[in-house]
Every structure is written in C-alpha cells, then in structure tokens.
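Quick look at entry.pdb (PDB, C-alpha atoms):
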ATOM      1  CA  MET A   1      14.889 -19.982 -32.524
ATOM      2  CA  LEU A   2      15.335 -20.917 -36.207
ATOM      3  CA  GLY A   3      14.218 -24.475 -35.347
ATOM      4  CA  ASN A   4      10.963 -23.146 -33.836
ATOM      5  CA  VAL A   5      10.212 -21.116 -36.990
ATOM      6  CA  LYS A   6      10.748 -24.185 -39.230
ATOM      7  CA  PHE A   7       8.578 -26.279 -36.921
ATOM      8  CA  CYS A   8       5.816 -23.632 -36.965
ATOM      9  CA  LYS A   9       5.973 -23.469 -40.786
ATOM     10  CA  LYS A  10       5.606 -27.275 -40.984
ATOM     11  CA  ILE A  11       2.643 -27.201 -38.595
ATOM     12  CA  PHE A  12       1.064 -24.362 -40.590
ATOM     13  CA  LEU A  13       1.556 -26.178 -43.947
ATOM     14  CA  ALA A  14       0.213 -29.430 -42.523
ATOM     15  CA  SER A  15      -2.853 -27.583 -41.191
ATOM     16  CA  VAL A  16      -3.486 -25.874 -44.536
ATOM     17  CA  LEU A  17      -3.124 -29.164 -46.424
ATOM     18  CA  PHE A  18      -5.496 -30.886 -43.998
ATOM     19  CA  LEU A  19      -8.102 -28.133 -44.408
ATOM     20  CA  ILE A  20      -7.796 -28.204 -48.206
ATOM     21  CA  SER A  21      -8.073 -32.014 -48.384
ATOM     22  CA  SER A  22     -11.027 -31.984 -45.954
ATOM     23  CA  SER A  23     -12.725 -29.368 -48.110
ATOM     24  CA  LEU A  24     -12.078 -31.383 -51.293
ATOM     25  CA  PHE A  25     -13.429 -34.559 -49.666
ATOM     26  CA  ALA A  26     -16.538 -32.699 -48.465
ATOM     27  CA  ASN A  27     -17.023 -31.367 -51.995
ATOM     28  CA  GLU A  28     -16.709 -34.894 -53.468
ATOM     29  CA  LYS A  29     -19.257 -36.185 -50.966
ATOM     30  CA  ASP A  30     -21.685 -33.337 -51.731
ATOM     31  CA  GLN A  31     -21.398 -34.007 -55.463
ATOM     32  CA  ILE A  32     -22.023 -37.744 -54.985
ATOM     33  CA  ILE A  33     -25.062 -37.046 -52.783
ATOM     34  CA  SER A  34     -26.451 -34.611 -55.349
ATOM     35  CA  LYS A  35     -26.003 -37.200 -58.097
ATOM     36  CA  LEU A  36     -27.652 -39.940 -56.001
ATOM     37  CA  GLU A  37     -30.612 -37.726 -55.177
ATOM     38  CA  SER A  38     -31.279 -37.190 -58.898
ATOM     39  CA  ILE A  39     -31.540 -40.935 -59.589
ATOM     40  CA  ASN A  40     -34.788 -42.893 -59.272
ATOM     41  CA  SER A  41     -33.738 -46.028 -61.137
ATOM     42  CA  LEU A  42     -30.761 -47.678 -62.801
ATOM     43  CA  GLU A  43     -30.227 -50.335 -65.417
ATOM     44  CA  PHE A  44     -26.783 -51.922 -65.335
ATOM     45  CA  THR A  45     -24.654 -54.926 -66.112
ATOM     46  CA  PHE A  46     -22.569 -56.457 -63.361
ATOM     47  CA  ASP A  47     -19.654 -58.700 -62.454
ATOM     48  CA  GLN A  48     -19.929 -60.304 -59.041
ATOM     49  CA  LEU A  49     -17.154 -62.174 -57.290
ATOM     50  CA  ILE A  50     -18.117 -64.234 -54.236
ATOM     51  CA  ASN A  51     -15.184 -66.042 -52.639
ATOM     52  CA  ARG A  52     -13.457 -66.439 -56.043
ATOM     53  CA  LYS A  53     -16.643 -67.544 -57.845
ATOM     54  CA  SER A  54     -17.508 -65.162 -60.655
ATOM     55  CA  GLU A  55     -21.012 -64.384 -61.938
ATOM     56  CA  LYS A  56     -22.197 -61.894 -64.548
ATOM     57  CA  GLY A  57     -25.580 -60.493 -65.403
ATOM     58  CA  SER A  58     -27.832 -57.486 -65.763
ATOM     59  CA  CYS A  59     -30.054 -55.683 -63.260
ATOM     60  CA  LEU A  60     -32.847 -53.193 -62.913
ATOM     61  CA  LEU A  61     -32.813 -51.155 -59.700
ATOM     62  CA  GLU A  62     -35.657 -48.901 -58.622
ATOM     63  CA  PHE A  63     -35.467 -46.840 -55.457
ATOM     64  CA  PRO A  64     -36.611 -47.592 -52.852
ATOM     65  CA  GLY A  65     -35.968 -51.275 -52.333
ATOM     66  CA  LYS A  66     -36.532 -52.958 -55.692
ATOM     67  CA  LEU A  67     -33.996 -54.990 -57.656
ATOM     68  CA  LYS A  68     -34.232 -57.589 -60.408
ATOM     69  CA  CYS A  69     -31.143 -59.346 -61.731
ATOM     70  CA  ASN A  70     -30.765 -61.968 -64.441
ATOM     71  CA  TYR A  71     -27.549 -63.973 -64.388
ATOM     72  CA  PHE A  72     -25.829 -64.873 -67.655
ATOM     73  CA  ASP A  73     -24.411 -68.192 -66.495
ATOM     74  CA  ASP A  74     -25.808 -71.546 -67.567
ATOM     75  CA  LYS A  75     -27.895 -71.852 -64.385
ATOM     76  CA  LYS A  76     -30.379 -69.249 -65.641
ATOM     77  CA  LYS A  77     -30.760 -67.672 -62.242
ATOM     78  CA  GLU A  78     -33.007 -64.686 -61.475
ATOM     79  CA  LEU A  79     -32.973 -62.611 -58.296
ATOM     80  CA  VAL A  80     -35.861 -60.332 -57.344
ATOM     81  CA  ILE A  81     -35.995 -58.079 -54.297
ATOM     82  CA  ASN A  82     -39.128 -56.133 -53.516
ATOM     83  CA  ASN A  83     -38.682 -54.173 -50.309
ATOM     84  CA  LYS A  84     -38.181 -56.758 -47.540
ATOM     85  CA  ARG A  85     -38.555 -59.932 -49.632
ATOM     86  CA  LEU A  86     -35.962 -61.672 -51.780
ATOM     87  CA  ALA A  87     -36.572 -64.526 -54.208
ATOM     88  CA  ILE A  88     -33.991 -66.450 -56.186
ATOM     89  CA  THR A  89     -35.343 -68.552 -59.038
ATOM     90  CA  GLN A  90     -33.248 -71.302 -60.577
ATOM     91  CA  LYS A  91     -35.027 -71.425 -63.949
ATOM     92  CA  ARG A  92     -33.092 -74.511 -64.999
ATOM     93  CA  TYR A  93     -34.741 -76.478 -62.162
ATOM     94  CA  ASN A  94     -37.938 -74.401 -61.976
ATOM     95  CA  LYS A  95     -37.310 -73.753 -58.267
ATOM     96  CA  THR A  96     -37.794 -70.506 -56.351
ATOM     97  CA  TYR A  97     -36.295 -69.882 -52.929
ATOM     98  CA  HIS A  98     -37.451 -67.052 -50.653
ATOM     99  CA  TYR A  99     -35.297 -65.230 -48.115
ATOM    100  CA  PRO A 100     -35.770 -62.269 -45.790
ATOM    101  CA  VAL A 101     -33.715 -59.233 -46.728
ATOM    102  CA  SER A 102     -33.793 -57.674 -43.271
ATOM    103  CA  LYS A 103     -30.190 -58.545 -42.382
ATOM    104  CA  SER A 104     -28.808 -58.395 -45.897
ATOM    105  CA  PRO A 105     -26.174 -55.823 -46.830
ATOM    106  CA  PHE A 106     -28.320 -55.268 -49.959
ATOM    107  CA  LEU A 107     -30.411 -52.885 -47.855
ATOM    108  CA  ASN A 108     -27.536 -50.391 -47.914
ATOM    109  CA  ILE A 109     -27.677 -50.234 -51.706
ATOM    110  CA  LEU A 110     -31.419 -50.525 -52.349
ATOM    111  CA  TYR A 111     -32.436 -47.505 -50.329
ATOM    112  CA  LYS A 112     -31.188 -44.094 -51.368
ATOM    113  CA  ASP A 113     -31.241 -42.769 -47.802
ATOM    114  CA  LYS A 114     -28.884 -45.603 -46.734
ATOM    115  CA  LEU A 115     -26.540 -44.809 -49.621
ATOM    116  CA  VAL A 116     -26.559 -41.128 -48.695
ATOM    117  CA  GLU A 117     -25.787 -42.065 -45.071
ATOM    118  CA  ILE A 118     -22.806 -44.122 -46.278
ATOM    119  CA  VAL A 119     -21.545 -41.183 -48.333
ATOM    120  CA  LYS A 120     -22.011 -38.673 -45.500
ATOM    121  CA  ASN A 121     -20.494 -40.805 -42.753
ATOM    122  CA  GLY A 122     -18.087 -43.016 -44.664
ATOM    123  CA  GLU A 123     -14.334 -42.630 -44.695
ATOM    124  CA  LEU A 124     -13.406 -41.292 -48.119
ATOM    125  CA  LYS A 125     -10.387 -42.618 -50.013
ATOM    126  CA  LEU A 126      -9.327 -41.676 -53.508
ATOM    127  CA  SER A 127      -7.633 -44.099 -55.870
ATOM    128  CA  GLU A 128      -6.683 -43.683 -59.510
ATOM    129  CA  GLN A 129     -10.121 -44.775 -60.754
ATOM    130  CA  PHE A 130     -12.477 -44.622 -57.792
ATOM    131  CA  VAL A 131     -13.825 -42.608 -54.937
ATOM    132  CA  GLU A 132     -14.162 -45.204 -52.181
ATOM    133  CA  LEU A 133     -16.409 -44.698 -49.186
ATOM    134  CA  ILE A 134     -15.752 -47.113 -46.357
ATOM    135  CA  TYR A 135     -18.552 -47.312 -43.839
ATOM    136  CA  PHE A 136     -18.845 -49.260 -40.600
ATOM    137  CA  LYS A 137     -22.122 -49.755 -38.797
ATOM    138  CA  ASP A 138     -23.427 -53.279 -38.296
ATOM    139  CA  GLU A 139     -20.994 -54.517 -40.939
ATOM    140  CA  ALA A 140     -18.286 -52.999 -43.100
ATOM    141  CA  ILE A 141     -19.232 -51.886 -46.586
ATOM    142  CA  THR A 142     -17.173 -50.114 -49.210
ATOM    143  CA  VAL A 143     -19.094 -48.304 -51.934
ATOM    144  CA  LEU A 144     -17.253 -47.330 -55.106
ATOM    145  CA  PHE A 145     -17.961 -44.350 -57.336
ATOM    146  CA  ASP A 146     -16.240 -43.469 -60.609
ATOM    147  CA  LYS A 147     -13.661 -40.766 -59.899
ATOM    148  CA  LYS A 148     -14.506 -38.733 -63.038
ATOM    149  CA  THR A 149     -18.290 -39.097 -63.346
ATOM    150  CA  LEU A 150     -19.107 -39.943 -59.689
ATOM    151  CA  ASP A 151     -21.439 -42.699 -60.951
ATOM    152  CA  LEU A 152     -21.982 -45.696 -58.702
ATOM    153  CA  LYS A 153     -19.490 -48.403 -59.760
ATOM    154  CA  GLY A 154     -20.018 -51.119 -57.167
ATOM    155  CA  TRP A 155     -19.499 -52.258 -53.611
ATOM    156  CA  LYS A 156     -17.550 -54.647 -51.430
ATOM    157  CA  ILE A 157     -19.247 -56.377 -48.529
ATOM    158  CA  ILE A 158     -19.054 -59.402 -46.302
ATOM    159  CA  ASP A 159     -22.484 -61.032 -46.049
ATOM    160  CA  GLN A 160     -24.117 -62.725 -43.071
ATOM    161  CA  TYR A 161     -22.480 -66.040 -44.073
ATOM    162  CA  ASN A 162     -19.014 -64.424 -44.034
ATOM    163  CA  ASN A 163     -18.723 -64.461 -47.849
ATOM    164  CA  LYS A 164     -16.603 -61.719 -49.400
ATOM    165  CA  ILE A 165     -18.624 -60.138 -52.187
ATOM    166  CA  ASN A 166     -17.152 -57.742 -54.757
ATOM    167  CA  PHE A 167     -19.846 -56.326 -57.009
ATOM    168  CA  SER A 168     -18.873 -54.070 -59.903
ATOM    169  CA  LEU A 169     -21.385 -52.499 -62.238
ATOM    170  CA  ASN A 170     -21.605 -50.592 -65.478
ATOM    171  CA  ILE A 171     -24.605 -48.261 -65.745
ATOM    172  CA  ILE A 172     -26.556 -48.563 -69.006
ATOM    173  CA  SER A 173     -29.356 -46.092 -68.252
ATOM    174  CA  LYS A 174     -30.746 -43.920 -65.468
ATOM    175  CA  ASN A 175     -34.275 -42.938 -64.482
ATOM    176  CA  SER A 176     -36.125 -45.372 -66.742
ATOM    177  CA  ASN A 177     -39.686 -46.297 -65.864
ATOM    178  CA  PHE A 178     -40.256 -49.995 -65.173
ATOM    179  CA  GLU A 179     -43.600 -51.782 -65.100
ATOM    180  CA  LYS A 180     -44.841 -52.684 -61.619
ATOM    181  CA  SER A 181     -44.789 -56.380 -62.522
ATOM    182  CA  THR A 182     -41.013 -56.198 -63.113
ATOM    183  CA  PHE A 183     -40.328 -56.559 -59.386
ATOM    184  CA  LYS A 184     -43.083 -59.065 -58.592
ATOM    185  CA  ILE A 185     -41.827 -61.747 -56.206
ATOM    186  CA  PRO A 186     -42.367 -65.202 -57.790
ATOM    187  CA  GLU A 187     -44.649 -67.613 -55.977
ATOM    188  CA  ILE A 188     -43.232 -70.535 -54.020
ATOM    189  CA  ASN A 189     -43.085 -73.663 -56.223
TER
END
Would you write out, as structure tokens, the structure that this file holds?
Amino acid sequence: MLGNVKFCKKIFLASVLFLISSSLFANEKDQIISKLESINSLEFTFDQLINRKSEKGSCLLEFPGKLKCNYFDDKKKELVINNKRLAITQKRYNKTYHYPVSKSPFLNILYKDKLVEIVKNGELKLSEQFVELIYFKDEAITVLFDKKTLDLKGWKIIDQYNNKINFSLNIISKNSNFEKSTFKIPEIN
C-alpha cells in the first residue's frame, strides 16, 4: 500500500511539472509571437557559417519578403531578395546571378507569418542563452531567440544543396523605414 502512495505521488509531481513546463513554454511562444508581430523591419550584422566557411556582413530585412545583405569579405558580395527573386552580385567581377527563392529556406525567415508558424508549431528547447524552436515541415529549421530579450538571434538550416548553414545575427535597429530602391533586384549583366 505504501508503494502505491509513493507511486501516485511521483505520478502527481510529474504531471504538475509537465503542466507547469508546458505553460511556461506556451508563455515563451506567446511572448516571441507578440514581439515578432511588432516588427516591420530589422537592421543587423551577421556571421554565417556554411560547411565551415565563415562569412560576415550586414543586412536590412523588411517584412514581407525583402532582404539586402552586404558581405564584408574581399569578394564584395551583395545579396538582394525581393519577394520571390534573389540576386547575388559579385561586385569584384561585376557579375550578377539570379535565382528563384521558391524552394529556399530563406522563405521561412522573410515572411512573418512563416516565422510565427515556426514559433507556434516548433518544438521549444531552452539553453543557457537561447530559446530554440525546432520545426520540421519540408525541411528542418531551428530558429534561435535570445533567452532574455526574445529577439531573433539566428537560424540553422540545411539548404537544397545539403549545405549546413548556421546564421547568427545581432540586431542594430528595428522598424526603420527603407527606401523602395533598397531592395531593387539588379539587372542581369
């Protein structure tokens, strides 16, 4: 009989802890969603690691679907995404390459509704520094938020070419207004 009481207490404590942790996770998700919904644009610096190759730069992101990044390396590379079109310009060689964005994991970051879907449906994990949301749909994506401020801090993806991409960012400003020409796709050279 005493064994049944101890077992029932353990089951009860486990249930309470599960409900509390579920409630805390739901609260974290709600706070992240609220923060995302208040953002229209971001300016940030970034560190990107693709299969052990590191790149650094700065970006302007405007929801929905607009991104412009300038890379700091000696190649003088610029990336511009405007909705469904992506252009990468190698300024050093004066060459611009165009790509469709339709299958790119970038779509999950460039559209606020996709980010909110990741937060709502992703598996939440807490680490010392980050709130991680791991989401599986067509491909796996992990989106990172700062544990204290709940600001977007980066993402981890595997692209359509099977490259592992770790992208970390540091937000400089939020909700700035950018000129329409900022996200103009360069012409084909």
Open item on the list: I'd like to know which of A:Ile118, A:Phe145, A:Pro186, A:Cys59 is closest to A:Lys91, using all atoms listed in the file.
Closed with: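 Residue with the minimum atom-to-atom distance to A:Lys91: A:Pro186.
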Give me the box for stretch 116-124 of chain A as JSON, namely the centre and edge lengths in Å to one decimal of a box along x, y and z that holds every listed atom plus 3 Å on each side.
{"center_x": -20.0, "center_y": -41.4, "center_z": -45.7, "size_x": 19.2, "size_y": 11.4, "size_z": 11.9}
Report as a PyMOL selection string the full result of the PyMOL selection byres ((chain A and resi 179) around 12) when it is applied to this structure. chain A and resi 60+62+66+68+176-178+180-184
From atom CA of A:Ser127 to atom CA of A:Leu110 the spacing works out at 24.9 Å
Quick one: pull the distance between atom CA of A:Lys147 and atom CA of A:Glu28, Å, one decimal.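 Distance reported for this atom pair: 9.2 Å.
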Residue list as a ChimeraX atom specification for point (-13.8, -37.5, -58.0), cut-off 10 Å, only C-alpha atoms: /A:24-25,27-29,31-32,126-132,145-151
Evaluate the PyMOL selection byres ((chain A and resi 96) around 8) on the structure here and hand back the selected residues as a tab-separated table (two decimals) with C-alpha atoms, in the coordinates of the input.
chain	number	residue	atom	x	y	z
A	87	ALA	CA	-36.57	-64.53	-54.21
A	88	ILE	CA	-33.99	-66.45	-56.19
A	89	THR	CA	-35.34	-68.55	-59.04
A	90	GLN	CA	-33.25	-71.30	-60.58
A	94	ASN	CA	-37.94	-74.40	-61.98
A	95	LYS	CA	-37.31	-73.75	-58.27
A	97	TYR	CA	-36.30	-69.88	-52.93
A	98	HIS	CA	-37.45	-67.05	-50.65
A	186	PRO	CA	-42.37	-65.20	-57.79
A	187	GLU	CA	-44.65	-67.61	-55.98
A	188	ILE	CA	-43.23	-70.54	-54.02
A	189	ASN	CA	-43.08	-73.66	-56.22
>> Env of A:Ile157: 7 Å cut, atoms = only C-alpha atoms, seq-sep filter 4 positions within chain, self excluded. Answer as a list in words.
In response: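 Counting only the stated atoms, we get Ala140, Ile141, Thr142, Lys164, Ile165 and Asn166 of chain A.
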inquiry  = Could you tell me how far atom CA of A:Gln160 sits from atom CA of A:Asn51, in Å to one decimal place?
reply    =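 That distance, rounded to one decimal, is 13.5 Å.
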| task | Please provide as JSON, numbers by chain all residues within 10 Å of A:Lys174, with the sequence filter that same-chain residues fewer than 6 positions apart are discarded (counting all atoms listed in the file). | result | {"A": [38, 39, 40, 41, 42, 43, 44, 60, 61, 62]}
Exercise for the section: Go through A:Tyr99, A:Asp47, A:Arg52, A:Phe72 and flag the residue nearest A:Ile185, using all atoms listed in the file for the distances. Expected result: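 Selected residue with least distance to A:Ile185: A:Tyr99.
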Report task. Counting all atoms listed in the file, note down every residue that has an atom within 7 Å of the point (-18.3, -43.9, -46.5) (file coordinates), as a PyMOL selection string. Result -> chain A and resi 118-124+133-135+142
Please write the residues from the selection above to a file, keeping C-alpha atoms, as a compact mmCIF listing (two decimals), in the coordinates of the input.
# COMPACT_ATOMS: atom_id res chain seq x y z
CA ILE A 118 -22.81 -44.12 -46.28
CA VAL A 119 -21.54 -41.18 -48.33
CA LYS A 120 -22.01 -38.67 -45.50
CA ASN A 121 -20.49 -40.80 -42.75
CA GLY A 122 -18.09 -43.02 -44.66
CA GLU A 123 -14.33 -42.63 -44.70
CA LEU A 124 -13.41 -41.29 -48.12
CA LEU A 133 -16.41 -44.70 -49.19
CA ILE A 134 -15.75 -47.11 -46.36
CA TYR A 135 -18.55 -47.31 -43.84
CA THR A 142 -17.17 -50.11 -49.21
ask   = Pick the closest to A:Tyr93 from A:Lys53, A:Lys76, A:Ile109, A:Gly65: which is it, counting only C-alpha atoms?
value =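 So, comparing all the options, the nearest one is A:Lys76.
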Can you pull out the residues contacting A:Leu169? Cut-off 6 Å, using only C-alpha atoms, and skip same-chain residues under 5 positions away; I want them as number ranges by chain.
A: 45-46, 153-154
Residue selection dump (C-alpha atoms) as a PDB file, in the frame of the given file:
ATOM      1  CA  THR A  45     -24.654 -54.926 -66.112  1.00  0.00           C
ATOM      2  CA  PHE A  46     -22.569 -56.457 -63.361  1.00  0.00           C
ATOM      3  CA  LYS A 153     -19.490 -48.403 -59.760  1.00  0.00           C
ATOM      4  CA  GLY A 154     -20.018 -51.119 -57.167  1.00  0.00           C
TER       5      GLY A 154
END
